[in-house]
Every structure is written in C-alpha cells, then in structure tokens.
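Encoded as structure tokens, the structure appears first; notes follow it.
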Amino acid sequence: MFTHPDFSELQQTLGWATEDDVRSDLISEHIDIDDLAALLSPVAENYLPQMAARSSQITLQRFGHITQLYAPLYISNLCINRCAYCGFSSGNKIPRRTLTIDEAEKEAMILHDRGIQHILLVTGEAPKAVGVDYLEKLVLRLRDKFAALSIEIQPLEENEYKRLFLAGITAVAVYQETYDRSIYKQVHLAGKKSDYDYRLDTPARAAAAGMREIGIGALLGLADWRAEGLALALHLKWLRKQYWRTSFAISFPRLRPAAGEFQPMVPVSEKNLSQLIFALRLFDHDVGLLLSTREEERYRNGMIGLGPTRYSAGSCTAPGGYSNPELEGEQFSVGDHRNISEVSNALIAKGFDPVYKDWDKEFQVTSS
Ligand code: SF4
C-alpha cells in the first residue's frame, strides 16, 4: 500500500531549495522528488517563464500538437458523505436527482451529437442509487457509441472495478482531495469518504483491476498546494512502479463556488496553478495533465500547449443539465462557459488539433 511522509515533512523539504537547484532542474533530463521540491518552492517563482518553456517543449515532444477533449456526464447528485467543500454534500439543501438509465443515455447522446467521443460518468457517492449494477447496464448501452468511457464515482473494490472494466469502462478518476491528513479529517465530516487510507488505496485497486488509465489529483484550496504537488508526485511514482502497464493522469481542480458557500482554506492563484502544472510536467514527461472547465476561458486559452494535454469542454455539472440547461443542483459553477466548438476553435487558432478519441475501442477487452 502507498504511504507518504507526513504533510509537514513534505512542507519542510520545500524550504531547502535554492535558485541554483531550480536552474539545474531546468536543464536536467530527469528530475527526482528533491528536484521537484525546488521547482514547487517559492524560489522557483522567479523562473516561471523558463519553466513554462521547458514544460511546453517536453509536452510537444511527447504528445505533439494535440489536445484531447472530453465532457463529464453527471448521473446523480445524491451523496451519503458530508464534504465541507462540495455542493453535493448530504447536508446541502439542493434539488436531488438521479437519472434513469434511459435519461443518462439521452444525455450521453446529446454530447455524442455535439462531437464528444470521451465521456466521464460522474456521480456523488450513492451506491444504492448508482451502484455497480446500474453503471454496468449504462456502460453496456454506451460502449459501442463512444471511443472512451471513464468514471468518477464512489471508490470500489477491485472486483467491482474489474466488472466495470469488462463492461467497457477504461479509466477511473479518484482524487485524494488533500494529502494533509489533518485537513482531510476537518473537511470530510461524515460518511465513508472520511476513511483517508481507503481512499488513498483506491487508485491502486482500480489499476490492479486492469483499468487503462488512472487519474489522481488534489482539490486545490484545501492545503498547501506546493506540498500537495510533492505528495501527488510520490503517489504517481509509486503507482507507476507497481502498475507499469497503466497510464496515469493528474487533474488540478481548484475550488469553485458551490452550494454550502465553503471558502478556500488557502489561496491558490493562477500563477500558483501554472507553477504546479509546469513542475509536474518536468517531473513526469508522460503523465496526462487535465485542465477542466473549473478554470476560466482566458486562463485555459493561455495554457494551451504549455503542459496540459486534455481539456473538458461544454460541461454541465447538474444531472440532466444537457437536456435541460435550467436545471439546478450542480456540483459547482464552471468557469469556462464556452461550448465544445468554441473550445475546439480556440485550440485550432493556436495550432493545436482537438482530439476527440485517443485510441480505438477495438483494443478494449470486454465481456461478451
Ligand atoms: S466530494 Fe464527492 S463524496 Fe464528497 S459530498 Fe461531493 S460528491 Fe459527495
């Protein structure tokens, strides 16, 4: 099982960095965790343009002039957990809704007709309403219509992930939210999610089940983002070693306004976010880096080609919201309101190809 040093220890290592360390990292082909600490430290802030240039160079070498596009499909906003920062938290009085399988399919086909080939199925944690049986049925309906189906749902056991993999799910996103145990305890007030170690072990269970890609991340705004970056890198390194056949991705969700009015516990500026993205690209040349519609149009346009490899587009975070944009009950309000064609055109204007499909579903092993 993955373990990591105490969060305060990670924070301490950030204080040892010098400008010489940063300059050396910028010309190194491979950097280790200590080197990464220098790139995440305050002294590296003076080198942000150089970090952006190096991150861009590596990203173009490894991924070319492409950006993958995907869209989330929210199935249910029911949740048994109380997470202080989330609009779906069980204590919040919002209209609750779970799509029937027919309704979820209809939402998926709206995205399909808009050109989306990769859908991320998202739910609150409500295993009774949206359990493995439900998801398996939905995925069997959708798998022939989409190039990729991934999930961001409640943590499952390995055999449950295996069932969904055989049905047609190829990727799992599960974010630790924060690697600071004490903050984790403060913000996860009730429900199964308050078990830090069970959640920490979830990416490994999904990888062991054969999932093609695992997405990890921290919710930025809960704890020191620099130390979160180090913990994420340690987690990624460990997962790569154990599950060398699996590919990995990192997301950078920054806290957005949501029901419950939770305020970020620490500020994370766009400049901070950029430093984190560039540093992790220099640390791992092949990891997918996701920038979602939580961020605004101006920022997402500015980051094209500098590190991120995948953008969400045209997102709605309320179940049923693609059929009925007036519906309430969203998880958070998005920052980039452009539709899929507008995001696509912005990529093309910068010389990048929007890619809706990164692999062929014929390669997928499925049950009959
Ligand atoms: S973060 Fe996830 S588990 Fe927590 S309240 Fe929101 S949907 Fe539920």
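Here, A, B, ... name the chains of the structure tokens in the order displayed, residue numbers run from 1 inside each chain, and ligands are numbered from 1 in the same displayed order.
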Residues of chain A that approach ligand 1 to 6 Å or less, counting only C-alpha atoms and all ligand atoms: could you list each one with the shortest pair of atoms and its distance in Å to one decimal, rows by chain and increasing residue number, as JSON lines?
```
{"residue": "A:Cys79", "atom": "CA", "partner": "ligand 1", "partner_atom_place_in_ligand_line": "8 (Fe)", "distance": 4.7}
{"residue": "A:Asn81", "atom": "CA", "partner": "ligand 1", "partner_atom_place_in_ligand_line": "5 (S)", "distance": 5.0}
{"residue": "A:Arg82", "atom": "CA", "partner": "ligand 1", "partner_atom_place_in_ligand_line": "5 (S)", "distance": 5.1}
{"residue": "A:Cys83", "atom": "CA", "partner": "ligand 1", "partner_atom_place_in_ligand_line": "4 (Fe)", "distance": 4.4}
{"residue": "A:Cys86", "atom": "CA", "partner": "ligand 1", "partner_atom_place_in_ligand_line": "6 (Fe)", "distance": 4.5}
{"residue": "A:Phe88", "atom": "CA", "partner": "ligand 1", "partner_atom_place_in_ligand_line": "6 (Fe)", "distance": 4.7}
{"residue": "A:Ser89", "atom": "CA", "partner": "ligand 1", "partner_atom_place_in_ligand_line": "5 (S)", "distance": 3.5}
{"residue": "A:Gly124", "atom": "CA", "partner": "ligand 1", "partner_atom_place_in_ligand_line": "7 (S)", "distance": 3.6}
{"residue": "A:Glu125", "atom": "CA", "partner": "ligand 1", "partner_atom_place_in_ligand_line": "8 (Fe)", "distance": 5.2}
```
Need to verify the contact set: Gln154 of chain A, 9 Å, only C-alpha atoms, exclusion of same-chain residues closer than 6 positions in sequence. Can you return it as a list in words?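 The contact residues come out as Thr123, Gly124, Glu125, Ala126, Pro127, Gly131, Val174 and Lys193 of chain A.
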For Leu289 of chain A, list every protein, DNA or RNA residue within 7 Å, evaluated using only C-alpha atoms, and leave out those in the same chain fewer than 4 positions away; present the list as a ChimeraX atom specification. /A:249-251,307-310
Using only C-alpha atoms: which of A:Asp25, A:Glu136, A:Glu261, A:Asp6 has the shortest distance to Ile151 of chain A: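 So, comparing all the options, the nearest one is A:Glu136.
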For Ala233 of chain A, the nearest of the candidates A:Ser28, A:Asp102, A:Asp34, A:Arg205, counting only C-alpha atoms: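 Ranked by minimum distance to Ala233 of chain A, first place goes to A:Asp34.
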What residues in segment 39-204 of chain A get the DSSP label strand (DSSP E)? Please answer as a ChimeraX atom specification. /A:66-76,82-83,118-123,148-152,171-173,188-190
So how far away is atom CA of Pro325 of chain A from atom CA of Arg256 of chain A, in Å?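 Computing it gives 19.1 Å between the two atoms.
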